file my_file_36.cif (mmCIF, C-alpha atoms)
data_work
loop_
_atom_site.label_atom_id
_atom_site.label_comp_id
_atom_site.auth_asym_id
_atom_site.auth_seq_id
_atom_site.Cartn_x
_atom_site.Cartn_y
_atom_site.Cartn_z
CA MET Z 1 -146.23 97.11 84.67
CA GLU Z 2 -146.61 100.72 85.64
CA PHE Z 3 -142.87 101.24 85.63
CA ALA Z 4 -142.72 100.02 82.03
CA THR Z 5 -145.50 102.42 81.02
CA LEU Z 6 -143.81 105.37 82.70
CA LEU Z 7 -140.45 104.52 81.19
CA ALA Z 8 -142.01 104.14 77.74
CA GLN Z 9 -143.68 107.53 78.02
CA VAL Z 10 -140.47 109.24 79.09
CA GLN Z 11 -138.49 107.55 76.34
CA SER Z 12 -140.98 108.43 73.61
CA SER Z 13 -140.96 112.08 74.65
CA THR Z 14 -137.17 112.03 74.71
CA VAL Z 15 -137.01 110.55 71.21
CA LEU Z 16 -139.33 113.25 69.86
CA ALA Z 17 -137.22 115.92 71.56
CA ILE Z 18 -134.03 114.47 70.03
CA GLY Z 19 -135.65 114.50 66.60
CA LEU Z 20 -136.62 118.15 67.02
CA ILE Z 21 -133.15 119.13 68.20
CA PHE Z 22 -131.47 117.46 65.22
CA GLY Z 23 -134.04 118.68 62.71
CA LEU Z 24 -134.30 122.32 63.76
CA GLY Z 25 -130.56 122.61 64.21
CA ALA Z 26 -129.97 121.16 60.77
CA ALA Z 27 -132.58 123.43 59.19
CA GLY Z 28 -131.11 126.60 60.65
CA THR Z 29 -127.56 125.58 59.80
CA ALA Z 30 -128.52 124.63 56.23
CA ILE Z 31 -130.19 127.97 55.58
CA GLY Z 32 -127.22 129.80 57.07
CA PHE Z 33 -124.65 127.87 55.02
CA GLY Z 34 -126.70 128.36 51.87
CA LEU Z 35 -126.79 132.14 52.29
CA LEU Z 36 -123.10 132.19 53.18
CA GLY Z 37 -122.07 130.11 50.18
CA GLY Z 38 -124.18 132.22 47.87
CA LYS Z 39 -122.53 135.39 49.09
CA LEU Z 40 -119.11 133.79 48.67
CA ILE Z 41 -119.80 132.91 45.04
CA GLU Z 42 -121.17 136.37 44.40
CA GLY Z 43 -118.18 138.04 46.02
CA THR Z 44 -115.72 135.83 44.14
CA ALA Z 45 -117.51 136.62 40.87
CA ARG Z 46 -117.10 140.34 41.51
CA GLN Z 47 -113.44 140.20 42.61
CA PRO Z 48 -111.79 136.88 41.74
CA GLU Z 49 -108.45 137.91 43.25
CA LEU Z 50 -110.02 137.97 46.73
CA GLY Z 51 -111.26 134.38 46.29
CA GLY Z 52 -108.84 132.76 48.75
CA MET Z 53 -109.35 135.30 51.51
CA LEU Z 54 -113.14 135.18 51.12
CA MET Z 55 -113.16 131.42 51.35
CA GLY Z 56 -111.08 131.55 54.55
CA ARG Z 57 -113.53 134.01 56.09
CA MET Z 58 -116.42 131.82 54.94
CA PHE Z 59 -115.03 128.79 56.73
CA LEU Z 60 -114.57 130.84 59.87
CA VAL Z 61 -118.20 131.95 59.90
CA ALA Z 62 -119.29 128.44 58.95
CA GLY Z 63 -117.62 127.12 62.07
CA LEU Z 64 -119.45 129.71 64.16
CA LEU Z 65 -122.77 128.77 62.54
CA ASP Z 66 -122.17 125.15 63.38
CA ALA Z 67 -121.69 125.93 67.05
CA VAL Z 68 -125.20 125.98 68.48
CA ALA Z 69 -126.32 123.12 66.25
CA MET Z 70 -123.40 121.05 67.54
CA ILE Z 71 -124.15 121.97 71.15
CA GLY Z 72 -127.70 120.76 70.50
CA ILE Z 73 -126.41 117.54 68.97
CA GLY Z 74 -124.16 117.00 71.98
CA PHE Z 75 -127.15 117.28 74.30
CA ALA Z 76 -129.29 115.09 72.04
CA LEU Z 77 -126.66 112.34 72.07
CA TYR Z 78 -126.43 112.64 75.85
CA PHE Z 79 -130.20 112.12 76.05
CA THR Z 80 -129.91 109.12 73.73
CA PHE Z 81 -127.28 107.22 75.65
CA ALA Z 82 -127.50 108.40 79.25
CA ASN Z 83 -131.03 109.67 79.57
CA PRO Z 84 -131.31 111.49 82.90
CA PHE Z 85 -135.12 111.47 82.72
CA ALA Z 86 -135.23 107.69 82.47
CA ALA Z 87 -132.77 107.55 85.37
CA ALA Z 88 -135.08 109.78 87.40
CA VAL Z 89 -138.03 107.47 86.71
CA LYS Z 90 -135.97 104.44 87.71
CA ALA Z 91 -134.91 106.17 90.92
CA ALA Z 92 -138.48 107.18 91.72
CA VAL Z 93 -139.83 103.68 91.19
CA GLY Z 94 -136.96 101.58 92.45
CA GLY Z 95 -135.56 103.81 95.15
CA MET T 1 -115.16 93.88 84.74
CA GLU T 2 -116.09 91.96 81.61
CA ALA T 3 -113.65 89.90 79.61
CA ALA T 4 -112.67 91.30 76.22
CA GLU T 5 -114.37 88.49 74.30
CA SER T 6 -117.79 88.76 75.92
CA PRO T 7 -120.53 89.54 73.39
CA ARG T 8 -121.86 93.05 73.71
CA ASP T 9 -124.99 94.54 72.31
CA SER T 10 -124.60 97.78 70.39
CA GLY T 11 -125.96 99.91 73.23
CA SER T 12 -123.39 98.80 75.75
CA TYR T 13 -120.63 98.99 73.11
CA VAL T 14 -121.46 102.63 72.50
CA LEU T 15 -121.68 103.33 76.23
CA HIS T 16 -118.31 101.64 76.72
CA HIS T 17 -116.77 103.97 74.18
CA LEU T 18 -118.35 106.97 75.86
CA SER T 19 -116.96 106.27 79.32
CA ASN T 20 -113.66 107.70 80.42
CA LEU T 21 -110.97 106.04 82.50
CA LYS T 22 -112.00 107.39 85.88
CA LEU T 23 -109.54 107.65 88.73
CA ASP T 24 -111.27 108.16 92.05
CA LEU T 25 -108.96 110.59 93.86
CA GLN T 26 -110.39 109.70 97.24
CA THR T 27 -109.49 106.02 97.03
CA MET T 28 -106.77 106.34 94.34
CA LYS T 29 -108.27 103.42 92.46
CA ILE T 30 -109.49 103.16 88.89
CA ASP T 31 -113.22 102.83 89.31
CA PRO T 32 -115.54 102.82 86.26
CA HIS T 33 -118.50 103.76 88.46
CA ALA T 34 -116.92 106.65 90.31
CA THR T 35 -118.96 109.82 90.44
CA GLY T 36 -118.62 113.15 92.12
CA PHE T 37 -116.12 116.00 92.13
CA TRP T 38 -113.03 114.03 93.12
CA VAL T 39 -112.88 111.95 89.96
CA LEU T 40 -110.08 112.49 87.44
CA HIS T 41 -110.48 111.41 83.84
CA LEU T 42 -107.06 109.86 83.64
CA ASP T 43 -107.14 109.16 79.90
CA SER T 44 -108.00 112.76 78.96
CA ALA T 45 -105.40 114.16 81.33
CA VAL T 46 -102.61 111.84 80.15
CA PHE T 47 -103.31 112.20 76.44
CA SER T 48 -103.67 115.97 76.53
CA LEU T 49 -100.40 116.35 78.47
CA LEU T 50 -98.67 113.89 76.15
CA LEU T 51 -99.79 115.75 73.03
CA GLY T 52 -98.79 119.10 74.53
CA THR T 53 -95.35 117.69 75.28
CA ILE T 54 -95.00 116.40 71.72
CA PHE T 55 -95.90 119.86 70.42
CA PHE T 56 -93.28 121.54 72.66
CA VAL T 57 -90.52 119.06 71.91
CA VAL T 58 -90.99 119.08 68.13
CA PHE T 59 -91.30 122.84 67.78
CA ARG T 60 -88.40 123.47 70.16
CA ARG T 61 -86.13 121.14 68.20
CA VAL T 62 -87.03 122.83 64.93
CA ALA T 63 -86.49 126.28 66.45
CA VAL T 64 -83.08 125.38 67.86
CA ARG T 65 -81.84 123.83 64.62
CA ALA T 66 -83.38 126.38 62.28
CA THR T 67 -81.23 127.19 59.26
CA SER T 68 -81.59 130.13 56.93
CA GLY T 69 -80.43 127.91 54.09
CA VAL T 70 -82.67 125.32 52.47
CA PRO T 71 -85.08 124.19 55.21
CA SER T 72 -85.98 120.60 55.92
CA GLY T 73 -89.56 119.40 55.50
CA LEU T 74 -90.38 119.66 59.18
CA GLN T 75 -88.86 123.14 59.48
CA ASN T 76 -90.89 124.17 56.44
CA ALA T 77 -94.10 122.95 58.02
CA VAL T 78 -93.38 124.60 61.37
CA GLU T 79 -92.44 127.88 59.69
CA ALA T 80 -95.65 127.79 57.63
CA LEU T 81 -97.70 127.24 60.79
CA VAL T 82 -95.98 130.02 62.73
CA ASP T 83 -96.33 132.41 59.78
CA PHE T 84 -100.01 131.55 59.43
CA VAL T 85 -100.77 132.13 63.11
CA ASP T 86 -98.65 135.30 63.12
CA GLY T 87 -100.63 136.66 60.15
CA GLN T 88 -103.93 135.95 61.83
CA VAL T 89 -102.86 137.58 65.10
CA LYS T 90 -101.50 140.66 63.31
CA GLU T 91 -104.84 141.10 61.54
CA ILE T 92 -106.88 140.89 64.71
CA PHE T 93 -104.80 142.08 67.67
CA HIS T 94 -103.50 145.58 67.23
CA GLN T 95 -101.52 146.16 70.41
CA GLU T 96 -97.98 145.11 71.31
CA ASN T 97 -98.11 141.99 73.44
CA LYS T 98 -95.69 139.10 73.77
CA LEU T 99 -98.26 136.64 75.07
CA VAL T 100 -100.91 136.62 72.38
CA ALA T 101 -99.18 135.10 69.36
CA PRO T 102 -97.50 132.22 71.26
CA LEU T 103 -100.80 131.61 73.04
CA ALA T 104 -102.58 131.46 69.69
CA LEU T 105 -99.97 129.05 68.28
CA THR T 106 -100.24 126.81 71.36
CA ILE T 107 -104.02 126.74 71.21
CA PHE T 108 -104.09 126.03 67.49
CA VAL T 109 -101.52 123.23 67.44
CA TRP T 110 -102.60 121.67 70.74
CA VAL T 111 -106.31 121.57 69.87
CA PHE T 112 -105.42 120.29 66.40
CA LEU T 113 -103.30 117.46 67.84
CA MET T 114 -106.00 116.53 70.35
CA ASN T 115 -108.63 116.46 67.62
CA LEU T 116 -106.30 114.46 65.36
CA MET T 117 -106.50 111.50 67.76
CA ASP T 118 -110.06 111.06 66.53
CA LEU T 119 -108.75 109.68 63.22
CA LEU T 120 -107.22 106.61 64.85
CA PRO T 121 -109.42 103.49 64.63
CA VAL T 122 -111.99 103.47 67.40
CA ASP T 123 -110.99 100.20 69.09
CA LEU T 124 -107.24 100.28 68.47
CA LEU T 125 -105.87 101.89 71.62
CA PRO T 126 -108.72 100.89 73.96
CA TYR T 127 -108.33 97.23 72.98
CA ALA T 128 -104.54 97.39 73.38
CA ALA T 129 -104.98 99.06 76.77
CA GLU T 130 -107.45 96.40 77.85
CA GLN T 131 -105.16 93.56 76.79
CA GLY T 132 -101.94 95.15 78.01
CA ALA T 133 -102.93 96.90 81.22
CA GLY T 134 -106.44 95.74 82.00
CA LEU T 135 -107.88 99.23 81.72
CA PRO T 136 -111.69 99.05 81.66
CA ALA T 137 -112.19 102.03 79.35
CA LEU T 138 -110.10 104.47 77.37
CA ARG T 139 -111.07 107.57 75.43
CA ILE T 140 -108.15 108.82 73.40
CA VAL T 141 -109.57 112.12 72.14
CA PRO T 142 -109.17 114.64 74.98
CA SER T 143 -111.34 117.27 73.30
CA THR T 144 -114.35 114.96 73.53
CA ASP T 145 -114.09 115.41 77.29
CA VAL T 146 -115.97 118.55 78.26
CA ASN T 147 -113.59 119.01 81.20
CA ILE T 148 -110.66 119.60 78.85
CA THR T 149 -112.47 122.09 76.61
CA LEU T 150 -114.01 123.92 79.56
CA GLY T 151 -110.59 124.07 81.21
CA MET T 152 -109.12 125.77 78.14
CA SER T 153 -112.01 128.20 77.73
CA ILE T 154 -112.03 129.15 81.42
CA ALA T 155 -108.31 129.86 81.12
CA VAL T 156 -109.06 132.13 78.13
CA PHE T 157 -111.84 133.79 80.15
CA LEU T 158 -109.46 134.54 83.02
CA LEU T 159 -106.92 135.87 80.52
CA THR T 160 -109.47 138.26 79.01
CA PHE T 161 -110.30 139.48 82.50
CA GLY T 162 -106.58 140.00 83.13
CA PHE T 163 -106.15 141.83 79.82
CA ASN T 164 -109.12 144.07 80.67
CA MET T 165 -107.51 145.01 83.96
CA VAL T 166 -104.07 145.60 82.49
CA TYR T 167 -105.09 147.55 79.39
CA LYS T 168 -108.00 149.55 80.76
CA GLY T 169 -107.25 149.68 84.47
CA PRO T 170 -109.85 148.78 87.07
CA ILE T 171 -111.52 152.19 86.84
CA GLY T 172 -111.64 152.17 83.05
CA PHE T 173 -112.97 148.60 83.08
CA LEU T 174 -115.70 149.50 85.56
CA LYS T 175 -116.60 152.59 83.59
CA GLU T 176 -116.91 150.53 80.42
CA ALA T 177 -118.93 147.80 82.13
CA LEU T 178 -121.39 150.27 83.60
CA THR T 179 -121.92 152.43 80.53
CA HIS T 180 -121.94 150.00 77.57
CA PRO T 181 -124.14 149.77 75.54
CA PHE T 182 -126.79 152.10 76.98
CA PHE T 183 -125.54 155.60 77.79
CA ILE T 184 -126.95 159.09 77.48
CA LYS T 185 -124.18 161.55 76.74
CA SER T 186 -125.64 164.98 77.32
CA GLY T 187 -128.80 166.85 77.95
CA TRP T 188 -131.06 166.71 80.96
CA LEU T 189 -131.68 162.95 80.54
CA VAL T 190 -128.15 162.27 81.84
CA VAL T 191 -129.58 161.44 85.26
CA LEU T 192 -131.25 158.38 83.69
CA ASN T 193 -127.79 156.79 83.31
CA VAL T 194 -128.11 155.54 86.88
CA ILE T 195 -131.20 153.54 85.91
CA LEU T 196 -129.43 152.15 82.85
CA ILE T 197 -126.52 150.77 84.91
CA PRO T 198 -128.24 147.47 85.95
CA PHE T 199 -129.22 146.77 82.33
CA ASN T 200 -125.66 147.33 81.19
CA VAL T 201 -124.31 145.09 83.95
CA VAL T 202 -126.70 142.25 83.16
CA LEU T 203 -125.97 142.41 79.44
CA ARG T 204 -122.24 142.50 80.14
CA ILE T 205 -122.41 139.48 82.47
CA VAL T 206 -124.43 137.45 79.96
CA GLU T 207 -122.04 138.31 77.14
CA GLU T 208 -118.95 137.52 79.24
CA LEU T 209 -120.36 134.19 80.40
CA ALA T 210 -121.62 133.16 76.97
CA ARG T 211 -118.13 133.41 75.51
CA PRO T 212 -116.29 130.67 77.44
CA ILE T 213 -119.34 128.42 77.46
CA SER T 214 -119.86 128.64 73.72
CA LEU T 215 -116.13 128.30 73.08
CA ALA T 216 -115.95 125.09 75.12
CA LEU T 217 -119.19 123.52 73.93
CA ARG T 218 -118.57 124.29 70.26
CA LEU T 219 -115.34 122.27 70.28
CA PHE T 220 -116.82 119.58 72.53
CA GLY T 221 -120.02 119.18 70.49
CA ASN T 222 -118.24 118.92 67.15
CA LEU T 223 -115.69 116.38 68.36
CA PHE T 224 -118.13 114.36 70.47
CA ALA T 225 -120.54 114.01 67.56
CA GLY T 226 -117.68 113.06 65.23
CA GLU T 227 -116.34 110.42 67.58
CA LEU T 228 -119.81 109.00 68.14
CA ILE T 229 -120.41 108.64 64.42
CA PHE T 230 -117.13 106.73 64.13
CA VAL T 231 -118.34 104.38 66.88
CA LEU T 232 -121.70 103.88 65.16
CA ILE T 233 -119.96 103.14 61.85
CA ALA T 234 -117.84 100.59 63.71
CA ILE T 235 -121.04 98.88 64.85
CA LEU T 236 -122.13 98.81 61.20
CA MET T 237 -118.83 97.18 60.23
CA ALA T 238 -119.22 94.61 63.00
CA GLN T 239 -122.19 93.15 61.16
CA ALA T 240 -119.78 91.78 58.54
CA GLY T 241 -119.93 88.34 60.14
CA ASN T 242 -123.67 87.86 59.67
CA GLY T 243 -124.08 86.45 56.17
CA ILE T 244 -124.47 88.20 52.83
CA GLY T 245 -126.47 91.16 54.12
CA GLY T 246 -123.93 91.54 56.89
CA ALA T 247 -121.03 91.46 54.44
CA ALA T 248 -122.69 94.18 52.37
CA LEU T 249 -123.13 96.27 55.50
CA GLY T 250 -119.51 95.66 56.40
CA LEU T 251 -118.25 96.92 53.04
CA GLY T 252 -120.62 99.87 53.24
CA GLY T 253 -119.25 100.59 56.69
CA ILE T 254 -115.68 100.67 55.42
CA ALA T 255 -116.63 103.10 52.64
CA LEU T 256 -118.65 105.22 55.04
CA SER T 257 -115.81 105.41 57.53
CA LEU T 258 -113.43 106.65 54.81
CA VAL T 259 -115.93 109.29 53.70
CA TRP T 260 -116.59 110.43 57.25
CA ALA T 261 -112.87 110.50 58.09
CA GLY T 262 -112.29 112.70 55.03
CA PHE T 263 -114.98 115.14 56.13
CA HIS T 264 -113.75 114.99 59.71
CA ILE T 265 -110.25 116.15 58.71
CA LEU T 266 -111.87 119.43 57.65
CA VAL T 267 -113.82 119.68 60.91
CA ILE T 268 -110.71 119.01 63.03
CA THR T 269 -108.66 121.79 61.43
CA LEU T 270 -111.57 124.19 61.32
CA GLN T 271 -112.44 123.78 65.00
CA ALA T 272 -108.83 124.33 66.07
CA PHE T 273 -108.67 127.43 63.85
CA ILE T 274 -111.94 128.80 65.21
CA PHE T 275 -110.87 128.28 68.83
CA MET T 276 -107.64 130.16 68.12
CA VAL T 277 -109.27 133.04 66.21
CA LEU T 278 -112.01 133.52 68.79
CA THR T 279 -109.43 133.56 71.59
CA VAL T 280 -107.45 136.29 69.83
CA VAL T 281 -110.65 138.23 69.05
CA TYR T 282 -111.77 138.14 72.69
CA LEU T 283 -108.32 139.23 73.86
CA SER T 284 -108.27 142.08 71.36
CA LEU T 285 -111.73 143.21 72.47
CA ALA T 286 -110.48 143.18 76.04
CA SER T 287 -107.50 145.36 75.22
CA GLU T 288 -108.79 147.97 72.83
CA HIS T 289 -109.24 151.55 73.92
CA HIS T 290 -112.42 153.21 72.79
#
call {"tool": "encode", "arguments": {"input": "my_file_36.cif", "output": "structure tokens"}}
result
Amino acid sequence: MEFATLLAQVQSSTVLAIGLIFGLGAAGTAIGFGLLGGKLIEGTARQPELGGMLMGRMFLVAGLLDAVAMIGIGFALYFTFANPFAAAVKAAVGG
Amino acid sequence: MEAAESPRDSGSYVLHHLSNLKLDLQTMKIDPHATGFWVLHLDSAVFSLLLGTIFFVVFRRVAVRATSGVPSGLQNAVEALVDFVDGQVKEIFHQENKLVAPLALTIFVWVFLMNLMDLLPVDLLPYAAEQGAGLPALRIVPSTDVNITLGMSIAVFLLTFGFNMVYKGPIGFLKEALTHPFFIKSGWLVVLNVILIPFNVVLRIVEELARPISLALRLFGNLFAGELIFVLIAILMAQAGNGIGGAALGLGGIALSLVWAGFHILVITLQAFIFMVLTVVYLSLASEHH
């Protein structure tokens, strides 16, 4: 009975953490992409002949923006499917 | 080992698709539960080598048979790729070096090919491998294995260290490491430079370590998340057998997988491009004279 309670507590905390990782990462990335896209449209409106080059640069920076959010998502998925904290609880109780 | 037809719940299906084909190098047996340092992810190793070989063979054939007349479709594509990478390298790397542009081309095409494996249906090759060779697990996208991406980024890290040594010399490199970014040029405060040295060293170490780690994890995170979403969509499609609601979910799953595959094509190319550009940028930073 106590093992189930402990496991439930660890899992609920993990789920909240995963939600925060996804949400905050998405928020930051969305704001960043919005600013970037706005600047691209502005720059293309000023000098349409640079449109292609500006879009290429935009995609480059977009990929860099994505980076930390994706690293966070990688960790969050690791916590979802192979939760080390739950494994530690199991080891402490069973081992 | 379970039989292929045994019913799985979605959790174990996902976990099955997240486990590599592990070869325990101490016992030389394929062991799904092997852990520790002496475990080789055989599927990642084989697929990455195979894709690298395909890249070499195809590009070599095109290079040997290149005509200055009307080019064939393949020669056109290869020429466009080489031109593109050459343009990028010329923009970023301003020294003369025979290693950088071929390195950039290799990284771009190899990472692109590895990422491209993500577009194959999730169960296609693993199921065939299970039926044909009894392999317990198979992950066909090498860049979803953090070992592969870390291997590439550590190689780039060692190369930047080498470029630093060659272009700046050990003394120049040490001088730069100890005096960037905090340095007092003249006046009586010059003695404070000695106190600033540890700050410079710490900042330099953090910056140098952050580069390979972020390079590796950026590629890994993007591809891992993409592959996982394909697996989850496959679970959605598997509900097609459960009545009307299930059939609706199945059709929705097919549509969703097409949409996600379309978006993922952009991600694949972009991540390969970013890995290449960042490699060239780091090498150019390591070789510029101030």
call {"tool": "resolve_selection", "arguments": {"input": "my_file_36.cif", "expression": "the PyMOL selection byres ((chain Z) within 7 of (chain T))", "output": "list of chain:residue names"}}
result
Z:Leu60, Z:Gly63, Z:Ala67, Z:Met70, Z:Ile71, Z:Ile73, Z:Gly74, Z:Phe81
call {"tool": "atom_distance", "arguments": {"input": "my_file_36.cif", "atom1": "atom CA of Leu249 of chain T", "atom2": "atom CA of Met117 of chain T"}}
result
25.7 Å
call {"tool": "residues_around", "arguments": {"input": "my_file_36.cif", "residues": "Glu208 of chain T", "least_positions_apart": "2", "cutoff": "12 Å", "atoms": "only C-alpha atoms", "output": "count of residues only"}}
result
24
call {"tool": "resolve_selection", "arguments": {"input": "my_file_36.cif", "expression": "the PyMOL selection byres ((chain T and resi 48) around 10)", "output": "MDAnalysis selection string"}}
result
chainID T and resid 42:47 49:54 110:111 113:114 140:143 148
call {"tool": "write_last_selection", "arguments": {"input": "my_file_36.cif", "atoms": "C-alpha atoms", "output": "compact mmCIF listing (two decimals), in the coordinates of the input"}}
result
# COMPACT_ATOMS: atom_id res chain seq x y z
CA LEU T 42 -107.06 109.86 83.64
CA ASP T 43 -107.14 109.16 79.90
CA SER T 44 -108.00 112.76 78.96
CA ALA T 45 -105.40 114.16 81.33
CA VAL T 46 -102.61 111.84 80.15
CA PHE T 47 -103.31 112.20 76.44
CA LEU T 49 -100.40 116.35 78.47
CA LEU T 50 -98.67 113.89 76.15
CA LEU T 51 -99.79 115.75 73.03
CA GLY T 52 -98.79 119.10 74.53
CA THR T 53 -95.35 117.69 75.28
CA ILE T 54 -95.00 116.40 71.72
CA TRP T 110 -102.60 121.67 70.74
CA VAL T 111 -106.31 121.57 69.87
CA LEU T 113 -103.30 117.46 67.84
CA MET T 114 -106.00 116.53 70.35
CA ILE T 140 -108.15 108.82 73.40
CA VAL T 141 -109.57 112.12 72.14
CA PRO T 142 -109.17 114.64 74.98
CA SER T 143 -111.34 117.27 73.30
CA ILE T 148 -110.66 119.60 78.85
call {"tool": "resolve_selection", "arguments": {"input": "my_file_36.cif", "expression": "the PyMOL selection byres ((chain T and resi 237) around 12)", "output": "PyMOL selection string"}}
result
chain T and resi 10+122+230-236+238-242+245-257
call {"tool": "atom_distance", "arguments": {"input": "my_file_36.cif", "atom1": "atom CA of Phe93 of chain T", "atom2": "atom CA of Leu283 of chain T"}}
result
7.7 Å
call {"tool": "atom_distance", "arguments": {"input": "my_file_36.cif", "atom1": "atom CA of Ala69 of chain Z", "atom2": "atom CA of Met53 of chain Z"}}
result
25.6 Å
call {"tool": "residues_around", "arguments": {"input": "my_file_36.cif", "residues": "Leu20 of chain Z", "least_positions_apart": "4", "cutoff": "12 Å", "atoms": "all atoms listed in the file", "output": "compact mmCIF listing (two decimals) with C-alpha atoms, keeping the file's coordinate frame"}}
result
# COMPACT_ATOMS: atom_id res chain seq x y z
CA SER Z 13 -140.96 112.08 74.65
CA THR Z 14 -137.17 112.03 74.71
CA VAL Z 15 -137.01 110.55 71.21
CA LEU Z 16 -139.33 113.25 69.86
CA LEU Z 24 -134.30 122.32 63.76
CA GLY Z 25 -130.56 122.61 64.21
CA ALA Z 26 -129.97 121.16 60.77
CA ALA Z 27 -132.58 123.43 59.19
CA GLY Z 28 -131.11 126.60 60.65
CA ALA Z 69 -126.32 123.12 66.25
CA GLY Z 72 -127.70 120.76 70.50
CA ILE Z 73 -126.41 117.54 68.97
CA PHE Z 75 -127.15 117.28 74.30
CA ALA Z 76 -129.29 115.09 72.04
call {"tool": "residues_around", "arguments": {"input": "my_file_36.cif", "residues": "Pro32 of chain T", "least_positions_apart": "5", "cutoff": "8 Å", "atoms": "all atoms listed in the file", "output": "ChimeraX atom specification"}}
result
/T:19-22,136-137
call {"tool": "residues_around", "arguments": {"input": "my_file_36.cif", "residues": "Phe33 of chain Z", "least_positions_apart": "3", "cutoff": "8 Å", "atoms": "all atoms listed in the file", "output": "PyMOL selection string"}}
result
chain Z and resi 29-30+36-37+62+65
call {"tool": "axis_aligned_box", "arguments": {"input": "my_file_36.cif", "around": "segment 21-30 of chain Z", "padding_each_side": "8 Å", "output": "AutoDock Vina command-line options"}}
result
--center_x -130.9 --center_y 122.0 --center_z 62.2 --size_x 22.7 --size_y 25.1 --size_z 28.0
call {"tool": "residues_around", "arguments": {"input": "my_file_36.cif", "residues": "Ile197 of chain T", "least_positions_apart": "2", "cutoff": "9 Å", "atoms": "only C-alpha atoms", "output": "mmCIF file with C-alpha atoms, in the frame of the given file"}}
result
data_model
loop_
_atom_site.group_PDB
_atom_site.id
_atom_site.type_symbol
_atom_site.label_atom_id
_atom_site.label_comp_id
_atom_site.auth_asym_id
_atom_site.auth_seq_id
_atom_site.Cartn_x
_atom_site.Cartn_y
_atom_site.Cartn_z
ATOM 1 C CA ALA T 177 -118.930 147.800 82.130
ATOM 2 C CA LEU T 178 -121.390 150.270 83.600
ATOM 3 C CA THR T 179 -121.920 152.430 80.530
ATOM 4 C CA HIS T 180 -121.940 150.000 77.570
ATOM 5 C CA PHE T 182 -126.790 152.100 76.980
ATOM 6 C CA PHE T 183 -125.540 155.600 77.790
ATOM 7 C CA ASN T 193 -127.790 156.790 83.310
ATOM 8 C CA VAL T 194 -128.110 155.540 86.880
ATOM 9 C CA ILE T 195 -131.200 153.540 85.910
ATOM 10 C CA PHE T 199 -129.220 146.770 82.330
ATOM 11 C CA ASN T 200 -125.660 147.330 81.190
ATOM 12 C CA VAL T 201 -124.310 145.090 83.950
ATOM 13 C CA VAL T 202 -126.700 142.250 83.160
#
